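> Next comes protein01.txt, compact mmCIF, C-alpha atoms:
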# COMPACT_ATOMS: atom_id res chain seq x y z
CA GLU A 1 -17.72 13.59 16.36
CA GLU A 2 -21.43 13.42 15.60
CA PHE A 3 -21.44 9.61 15.67
CA ALA A 4 -19.44 9.59 18.91
CA ARG A 5 -22.08 11.83 20.51
CA ARG A 6 -24.98 9.77 19.20
CA PHE A 7 -23.48 6.33 19.91
CA PRO A 8 -20.96 6.73 22.76
CA ASP A 9 -20.86 2.98 23.44
CA VAL A 10 -19.87 2.25 19.84
CA PHE A 11 -17.72 5.17 18.63
CA VAL A 12 -14.74 6.79 20.31
CA TYR A 13 -13.48 9.88 18.53
CA VAL A 14 -9.90 10.97 19.22
CA ARG A 15 -8.23 14.01 17.67
CA GLN A 16 -4.57 14.47 18.45
CA PRO A 17 -3.55 18.05 19.35
CA ARG A 18 -0.87 17.83 16.66
CA ASN A 19 0.11 15.54 13.81
CA ILE A 20 2.01 12.72 15.51
CA GLY A 21 2.93 10.95 12.27
CA PRO A 22 2.15 7.48 10.91
CA SER A 23 4.33 5.46 13.28
CA ASP A 24 2.95 6.99 16.50
CA ASN A 25 -0.60 6.80 15.13
CA PHE A 26 -0.01 3.12 14.45
CA THR A 27 1.16 2.61 18.04
CA TYR A 28 -1.76 4.63 19.42
CA LEU A 29 -4.27 2.37 17.71
CA LEU A 30 -2.48 -0.72 19.03
CA GLU A 31 -2.68 0.65 22.57
CA HIS A 32 -6.24 2.00 22.49
CA GLY A 33 -8.19 -0.06 19.93
CA ARG A 34 -10.74 -2.20 21.71
CA GLY A 35 -12.66 -4.02 18.98
CA LYS A 36 -12.16 -7.62 17.89
CA PHE A 37 -10.62 -6.43 14.63
CA LEU A 38 -8.54 -3.24 14.34
CA LYS A 39 -9.10 -1.66 10.92
CA PHE A 40 -6.93 1.23 9.77
CA GLN A 41 -8.20 4.12 7.68
CA GLN A 42 -6.32 6.81 5.76
CA ASP A 43 -7.12 10.50 6.08
CA ARG A 44 -7.42 11.21 2.35
CA TYR A 45 -10.12 8.60 1.69
CA ALA A 46 -13.83 8.91 2.43
CA VAL A 47 -15.84 5.75 3.09
CA GLU A 48 -18.51 4.80 0.57
CA PRO A 49 -22.06 4.16 1.89
CA GLY A 50 -22.48 0.62 3.20
CA VAL A 51 -18.79 -0.22 3.37
CA VAL A 52 -18.61 -0.45 7.17
CA GLY A 53 -21.31 -3.10 7.10
CA ARG A 54 -19.43 -5.08 4.45
CA ILE A 55 -16.24 -4.96 6.52
CA VAL A 56 -18.12 -6.12 9.62
CA GLU A 57 -19.61 -9.02 7.62
CA ALA A 58 -16.12 -10.03 6.46
CA VAL A 59 -14.74 -9.87 9.99
CA LYS A 60 -17.55 -12.06 11.31
CA ARG A 61 -17.07 -14.52 8.45
CA HIS A 62 -13.37 -15.04 9.24
CA GLU A 63 -13.39 -14.57 13.01
CA ARG A 64 -12.97 -18.24 13.86
CA GLU A 65 -9.86 -18.88 11.74
CA HIS A 66 -8.41 -15.36 12.13
CA SER A 67 -7.53 -15.10 8.46
CA VAL A 68 -5.32 -12.28 7.21
CA LEU A 69 -7.71 -9.77 5.61
CA PHE A 70 -6.87 -7.01 3.16
CA PHE A 71 -9.56 -4.60 2.03
CA GLY A 72 -8.65 -3.20 -1.36
CA ASN A 73 -10.35 -0.61 -3.51
CA ASP A 74 -11.70 -1.34 -6.97
CA TYR A 75 -9.22 0.79 -8.93
CA MET A 76 -6.15 -0.83 -7.35
CA PHE A 77 -6.32 -4.25 -8.97
CA HIS A 78 -6.80 -5.61 -12.48
CA LEU A 79 -9.41 -7.96 -11.04
CA PRO A 80 -13.22 -8.10 -11.01
CA LEU A 81 -14.83 -7.03 -7.76
CA GLY A 82 -15.06 -9.92 -5.33
CA VAL A 83 -13.27 -11.96 -2.68
CA TYR A 84 -9.98 -13.72 -3.50
CA PRO A 85 -8.49 -16.44 -1.26
CA ILE A 86 -4.71 -16.37 -0.84
CA ARG A 87 -2.83 -19.55 0.06
CA SER A 88 0.84 -18.73 -0.57
CA PHE A 89 3.29 -15.85 -0.45
CA ASP A 90 3.50 -15.87 -4.23
CA GLU A 91 -0.29 -15.55 -4.45
CA LEU A 92 -0.15 -12.70 -1.96
CA LEU A 93 2.34 -10.79 -4.10
CA ASP A 94 0.61 -11.56 -7.39
CA THR A 95 -2.83 -10.66 -6.03
CA VAL A 96 -2.35 -7.77 -3.60
CA SER A 97 1.13 -6.71 -4.79
CA TYR A 98 2.62 -3.47 -3.43
CA TRP A 99 -0.80 -2.35 -2.24
CA THR A 100 0.12 -4.11 1.01
CA THR A 101 1.83 -0.78 1.68
CA TRP A 102 -1.52 1.02 1.69
CA ILE A 103 -2.58 1.58 5.29
CA GLY A 104 -6.23 2.03 4.27
CA GLY A 105 -6.58 -1.65 3.39
CA TYR A 106 -4.93 -2.94 6.50
CA GLY A 107 -6.22 -4.49 9.73
CA PHE A 108 -5.61 -7.32 12.17
CA TRP A 109 -7.25 -9.14 15.06
CA ARG A 110 -7.14 -7.60 18.52
CA ASP A 111 -5.62 -10.70 20.12
CA GLU A 112 -2.66 -10.48 17.72
CA VAL A 113 -1.46 -7.19 19.22
CA GLU A 114 1.30 -8.78 21.30
CA PHE A 115 2.73 -10.30 18.12
CA VAL A 116 2.34 -7.06 16.16
CA VAL A 117 3.92 -4.61 18.63
CA PRO A 118 7.54 -5.86 18.26
CA LEU A 119 7.17 -5.74 14.46
CA GLN A 120 5.85 -2.20 14.67
CA ASN A 121 8.88 -1.18 16.71
CA GLN A 122 11.34 -3.05 14.49
CA TYR A 123 10.06 -1.64 11.19
CA ALA A 124 8.80 1.81 12.20
CA ALA A 125 11.73 3.59 10.55
CA SER A 126 10.90 1.95 7.21
CA LEU A 127 7.46 3.66 7.20
CA LEU A 128 6.13 0.29 6.03
CA GLN A 129 5.62 -1.60 9.27
CA GLN A 130 2.19 -2.63 7.96
CA VAL A 131 3.88 -4.72 5.23
CA ALA A 132 6.07 -6.54 7.74
CA VAL A 133 3.00 -7.18 9.91
CA ILE A 134 0.86 -8.50 7.04
CA LEU A 135 3.60 -10.82 5.76
CA SER A 136 4.47 -12.05 9.25
CA LEU A 137 0.83 -12.72 10.13
CA PHE A 138 0.39 -14.57 6.84
CA ASP A 139 3.51 -16.61 7.66
CA ARG A 140 1.81 -17.73 10.88
CA ASN A 141 -1.61 -18.35 9.42
CA ARG A 142 -1.07 -19.10 5.68
CA VAL A 143 -4.71 -18.17 5.03
CA GLY A 144 -5.63 -14.77 3.64
CA TYR A 145 -8.32 -13.00 1.65
CA LEU A 146 -8.37 -9.95 -0.55
CA TYR A 147 -11.71 -8.14 -0.46
CA ASN A 148 -11.69 -6.20 -3.72
CA LEU A 149 -14.66 -3.88 -3.26
CA LYS A 150 -15.60 -0.31 -4.01
CA GLN A 151 -15.00 1.00 -0.52
CA TYR A 152 -13.46 4.47 -0.65
CA HIS A 153 -13.22 7.53 -2.82
CA ASP A 154 -10.36 9.99 -2.84
CA CYS A 155 -11.25 13.27 -1.17
CA LYS A 156 -10.94 16.03 -3.77
CA ALA A 157 -9.40 18.44 -1.29
CA SER A 158 -6.39 16.19 -0.75
CA ARG A 159 -5.62 15.11 -4.31
CA GLY A 160 -2.06 15.95 -5.19
CA ALA A 161 -1.16 16.20 -1.51
CA ILE A 162 1.07 13.11 -1.44
CA ARG A 163 4.20 14.34 0.24
CA GLY A 164 6.84 13.90 2.88
CA TYR A 165 8.88 10.83 1.93
CA ASN A 166 11.30 9.64 -0.74
CA VAL A 167 9.43 7.08 -2.85
CA ALA A 168 12.70 5.51 -4.08
CA LYS A 169 13.87 4.96 -0.50
CA VAL A 170 10.57 3.78 0.97
CA PHE A 171 9.55 1.49 -1.90
CA SER A 172 12.67 0.52 -3.88
CA GLN A 173 14.82 0.05 -0.78
CA ASN A 174 12.55 -0.49 2.22
CA TYR A 175 9.64 -2.40 0.68
CA LEU A 176 11.82 -4.72 -1.37
CA GLY A 177 14.11 -5.11 1.63
CA ILE A 178 11.18 -6.42 3.69
CA LEU A 179 10.23 -8.82 0.89
CA ARG A 180 13.82 -10.09 0.80
CA THR A 181 13.52 -11.30 4.39
CA PHE A 182 10.88 -13.74 3.10
CA LEU A 183 12.65 -14.44 -0.21
CA GLU A 184 15.92 -15.62 1.29
CA PRO A 185 14.40 -18.47 3.36
CA GLY A 186 12.41 -19.53 0.28
CA LYS A 187 8.94 -18.43 1.38
CA ILE A 188 8.69 -16.17 -1.68
CA THR A 189 10.01 -17.62 -4.94
CA LYS A 190 12.58 -15.72 -7.00
CA ALA A 191 10.18 -15.58 -9.96
CA ALA A 192 7.42 -13.98 -7.86
CA PHE A 193 9.91 -11.52 -6.38
CA GLU A 194 11.05 -10.43 -9.85
CA ARG A 195 7.46 -10.05 -11.06
CA GLU A 196 6.72 -7.87 -8.06
CA LYS A 197 9.80 -5.73 -8.67
CA LYS A 198 8.68 -4.98 -12.20
CA ARG A 199 5.12 -4.17 -11.11
CA LEU A 200 6.45 -1.91 -8.40
CA TYR A 201 8.86 -0.06 -10.64
CA PHE A 202 6.51 0.73 -13.51
CA GLY A 203 3.31 0.85 -11.49
CA HIS A 204 4.57 3.13 -8.75
CA VAL A 205 8.21 4.13 -8.33
CA TYR A 206 9.10 5.47 -11.78
CA GLY A 207 6.13 7.78 -12.25
CA MET A 208 5.84 8.85 -8.62
CA TYR A 209 9.50 9.67 -8.12
CA PHE A 210 10.02 11.68 -11.29
CA ASP A 211 6.51 13.16 -11.01
CA PHE A 212 6.09 13.79 -14.73
CA GLU A 213 2.58 15.19 -14.20
CA HIS A 214 3.50 17.37 -11.20
CA CYS A 215 0.93 15.84 -8.87
CA THR A 216 3.02 15.08 -5.77
CA GLN A 217 5.31 16.86 -3.35
CA LEU A 218 7.60 13.98 -2.50
CA GLU A 219 11.22 14.22 -1.42
CA LYS A 220 13.88 13.71 -4.07
CA GLY A 221 17.49 12.59 -3.95
CA HIS A 222 19.73 9.51 -4.18
CA PHE A 223 17.51 7.72 -6.71
CA PHE A 224 20.41 5.62 -8.01
CA LYS A 225 21.47 4.64 -4.51
CA TYR A 226 17.99 3.68 -3.32
CA SER A 227 17.10 1.81 -6.52
CA LYS A 228 20.08 -0.55 -6.27
CA GLU A 229 17.70 -3.52 -6.26
CA PHE A 230 16.89 -2.76 -9.92
CA HIS A 231 20.43 -2.31 -11.21
CA GLY A 232 20.49 -5.81 -12.65
CA ASN A 233 17.26 -5.36 -14.61
CA TRP A 234 17.26 -4.21 -18.24
CA TYR A 235 13.98 -2.30 -17.90
CA TYR A 236 15.47 -0.03 -15.22
CA TRP A 237 18.24 1.19 -17.53
CA GLY A 238 15.83 1.45 -20.45
CA SER A 239 13.51 3.66 -18.39
CA LEU A 240 16.39 6.01 -17.60
CA VAL A 241 17.34 6.25 -21.29
CA VAL A 242 13.84 7.53 -22.19
CA LEU A 243 13.58 9.74 -19.09
CA PRO A 244 14.41 12.98 -21.01
CA VAL A 245 11.40 12.36 -23.26
CA PHE A 246 9.07 12.34 -20.25
CA MET A 247 10.71 15.43 -18.83
CA LEU A 248 10.26 17.34 -22.10
CA ALA A 249 6.66 16.14 -22.36
CA GLY A 250 5.94 17.92 -19.10
CA ARG A 251 6.43 21.21 -20.96
CA LEU A 252 3.92 20.47 -23.71
CA PRO A 253 0.58 22.35 -23.93
CA PRO A 254 -1.88 20.93 -21.36
CA SER A 255 -4.13 19.03 -23.79
CA VAL A 256 -1.21 17.43 -25.67
CA ARG A 257 0.60 16.68 -22.40
CA GLN A 258 -2.44 14.93 -20.95
CA THR A 259 -2.87 12.77 -24.06
CA PHE A 260 0.80 11.81 -23.96
CA PHE A 261 0.75 10.85 -20.29
CA ASN A 262 -2.49 8.90 -20.67
CA LEU A 263 -0.81 6.87 -23.38
CA MET A 264 2.34 6.39 -21.32
CA ARG A 265 0.27 5.28 -18.35
CA VAL A 266 -1.14 2.48 -20.48
CA VAL A 267 2.38 1.54 -21.65
CA ARG A 268 3.65 1.43 -18.05
CA LYS A 269 0.76 -0.86 -17.04
CA LEU A 270 1.57 -3.18 -19.93
CA LEU A 271 5.24 -3.26 -18.94
CA ALA A 272 4.37 -3.87 -15.30
CA GLY A 273 2.28 -6.87 -16.23
CA SER A 274 4.58 -8.36 -18.89
Can I see the file as structure tokens?

Amino acid sequence: EEFARRFPDVFVYVRQPRNIGPSDNFTYLLEHGRGKFLKFQQDRYAVEPGVVGRIVEAVKRHEREHSVLFFGNDYMFHLPLGVYPIRSFDELLDTVSYWTTWIGGYGFWRDEVEFVVPLQNQYAASLLQQVAVILSLFDRNRVGYLYNLKQYHDCKASRGAIRGYNVAKVFSQNYLGILRTFLEPGKITKAAFEREKKRLYFGHVYGMYFDFEHCTQLEKGHFFKYSKEFHGNWYYWGSLVVLPVFMLAGRLPPSVRQTFFNLMRVVRKLLAGS
């Protein structure tokens, strides 16, 4: 609000009278955004000093070719900070991975709105319309860049406030379902798809759904049904065999429990990358 008052020709501040949800917010930005590049931001992340300038520099650098741009955060990727060109769907999955689902890294060019709107409408129910948009724009352009920079920090007040959706449904079913639309015509290879499944399962779905550390308030139910995509993978069944161990670990004294989960977090990362 302060910036909007000080720079009315640059900033427009809009506060909805009620929470209209991610899909309607997405549509609102499409209808009212007026810049050359529409960059999304998530409510639980605060922008680091200087990051707006770095984003503007990136937009200017790629304005002519209208590259697909994804602005990641340093902790998301096992990569040094920097800029990574992406020239294929397999590279997109292996570099950005399931972080394409993160709305805070997402943006597109203003003159692509007419192409984006039908995708937004088609995939709104999946809660992952941004993934369909990014993949479809990349399919048109075949040039993309990951900007892996320290851009945001998690607001302390909102930590642990992840809630409101079923992670098995949204990620195991919906996200992989969107990827399949590019796998079946051969744009994504089977090997890259399987690598991404494993990263997704151990890096996100397994820990988030069962919430071993009690840090989310996500919906539960129908895990087996929604995780059908993994039924042919040995690691899925193996993870369910050891599930009681994780559940019992949640009852350990706090210091022991934290040590156990820190170790298991490392194991999951190793499995995701193997």
> Tell me which of A:Phe230, A:Phe193, A:Tyr209, A:Phe3 sits closest to Leu243 of chain A, counting only C-alpha atoms.
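Among A:Phe230, A:Phe193, A:Tyr209, A:Phe3, it is A:Tyr209 that comes nearest to Leu243 of chain A.
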> Of the candidates A:Gly72, A:Pro185, A:Glu229, A:Glu114, which shows the shortest atom-to-atom distance to Ser97 of chain A, using all atoms listed in the file?
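Closest residue, counting all atoms listed in the file: A:Gly72.
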> The centre and edge lengths of an axis-aligned box containing all atoms of segment 229-245 of chain A present in the file, extended by 4 Å on each side, are to be given in Å to one decimal, as lines of an AutoDock Vina configuration file.

center_x = 15.9
center_y = 3.6
center_z = -14.8
size_x = 17.1
size_y = 26.8
size_z = 25.0
> State, in Å with one decimal place, the distance from atom CA of Phe37 of chain A to atom CA of Ala58 of chain A.
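So the answer is 10.5 Å.
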> Can you pull out the residues contacting Asp139 of chain A? Cut-off 12 Å, using all atoms listed in the file, and skip same-chain residues under 3 positions away; I want them as an NGL selection string.
:A and (67-68 or 86-90 or 92 or 132-136 or 142-144 or 181-182 or 185-188)
> Around (14.5, -1.0, -15.0) in the file's frame, which residues reach within 12 Å when counting all atoms listed in the file? Return as JSON, numbers by chain?
{"A": [172, 194, 197, 198, 199, 200, 201, 202, 203, 205, 206, 224, 227, 228, 229, 230, 231, 232, 233, 234, 235, 236, 237, 238, 239, 240, 241, 242, 243, 268, 271, 272]}
> Export, as a compact mmCIF listing (two decimals), in the coordinates of the input, the selected residues with C-alpha atoms.

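In the end it all went to result00.txt:
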# COMPACT_ATOMS: atom_id res chain seq x y z
CA SER A 172 12.67 0.52 -3.88
CA GLU A 194 11.05 -10.43 -9.85
CA LYS A 197 9.80 -5.73 -8.67
CA LYS A 198 8.68 -4.98 -12.20
CA ARG A 199 5.12 -4.17 -11.11
CA LEU A 200 6.45 -1.91 -8.40
CA TYR A 201 8.86 -0.06 -10.64
CA PHE A 202 6.51 0.73 -13.51
CA GLY A 203 3.31 0.85 -11.49
CA VAL A 205 8.21 4.13 -8.33
CA TYR A 206 9.10 5.47 -11.78
CA PHE A 224 20.41 5.62 -8.01
CA SER A 227 17.10 1.81 -6.52
CA LYS A 228 20.08 -0.55 -6.27
CA GLU A 229 17.70 -3.52 -6.26
CA PHE A 230 16.89 -2.76 -9.92
CA HIS A 231 20.43 -2.31 -11.21
CA GLY A 232 20.49 -5.81 -12.65
CA ASN A 233 17.26 -5.36 -14.61
CA TRP A 234 17.26 -4.21 -18.24
CA TYR A 235 13.98 -2.30 -17.90
CA TYR A 236 15.47 -0.03 -15.22
CA TRP A 237 18.24 1.19 -17.53
CA GLY A 238 15.83 1.45 -20.45
CA SER A 239 13.51 3.66 -18.39
CA LEU A 240 16.39 6.01 -17.60
CA VAL A 241 17.34 6.25 -21.29
CA VAL A 242 13.84 7.53 -22.19
CA LEU A 243 13.58 9.74 -19.09
CA ARG A 268 3.65 1.43 -18.05
CA LEU A 271 5.24 -3.26 -18.94
CA ALA A 272 4.37 -3.87 -15.30
> May I ask for the distance between atom CA of Phe40 of chain A and atom CA of Gly105 of chain A, given in Å to one decimal place?
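Going from atom CA of Phe40 of chain A over to atom CA of Gly105 of chain A, I get 7.0 Å.
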> Can you work out which one of A:Asn148, A:Thr100, A:Gln16, A:Gln173 has the shortest atom-to-atom distance to Pro85 of chain A, counting all atoms listed in the file?
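Looking at the shortest contact to Pro85 of chain A, the residue is A:Asn148.
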> Show me, as a list in words, the residues that have an atom within 9 Å of Phe71 of chain A when counting all atoms listed in the file, minus same-chain residues fewer than 2 positions from it.
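The residues that qualify are Ile55, Leu69, Asn73, Gly104, Gly105, Tyr106, Gly107, Tyr145, Leu146, Tyr147, Asn148, Leu149 and Gln151 of chain A.
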> Quick one: of A:Glu219, A:Glu112, A:Glu65, A:Glu57, who's nearest to Leu137 of chain A, counting all atoms listed in the file?
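Checking each candidate against Leu137 of chain A, we get A:Glu112 as the closest.
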> Given all atoms listed in the file as the basis, pick out the residue of A:Tyr13, A:Lys36, A:His222, A:Glu31 nearest to Glu63 of chain A.
A:Lys36
> Between atom CA of Leu93 of chain A and atom CA of Leu119 of chain A, what is the distance in Å, rounded to a tenth?
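Answer for the atom CA of Leu93 of chain A to atom CA of Leu119 of chain A separation: 19.8 Å.
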> Quick one: everything within 7 Å of Leu38 of chain A, counting all atoms listed in the file, minus sequence neighbours fewer than 3 positions away in the same chain. Send it as number ranges by chain.
A: 33, 35, 107-110
> For Leu127 of chain A, find every residue with an atom within 8 Å (counting all atoms listed in the file), except residues of its own chain fewer than 3 positions away, and show them as a PyMOL selection string.
chain A and resi 22-23+123-124+170
> Go through A:Tyr75, A:Trp102, A:Phe138, A:Phe171 and flag the residue nearest Gln41 of chain A, using all atoms listed in the file for the distances.
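Closest to Gln41 of chain A, using all atoms listed in the file: A:Trp102.
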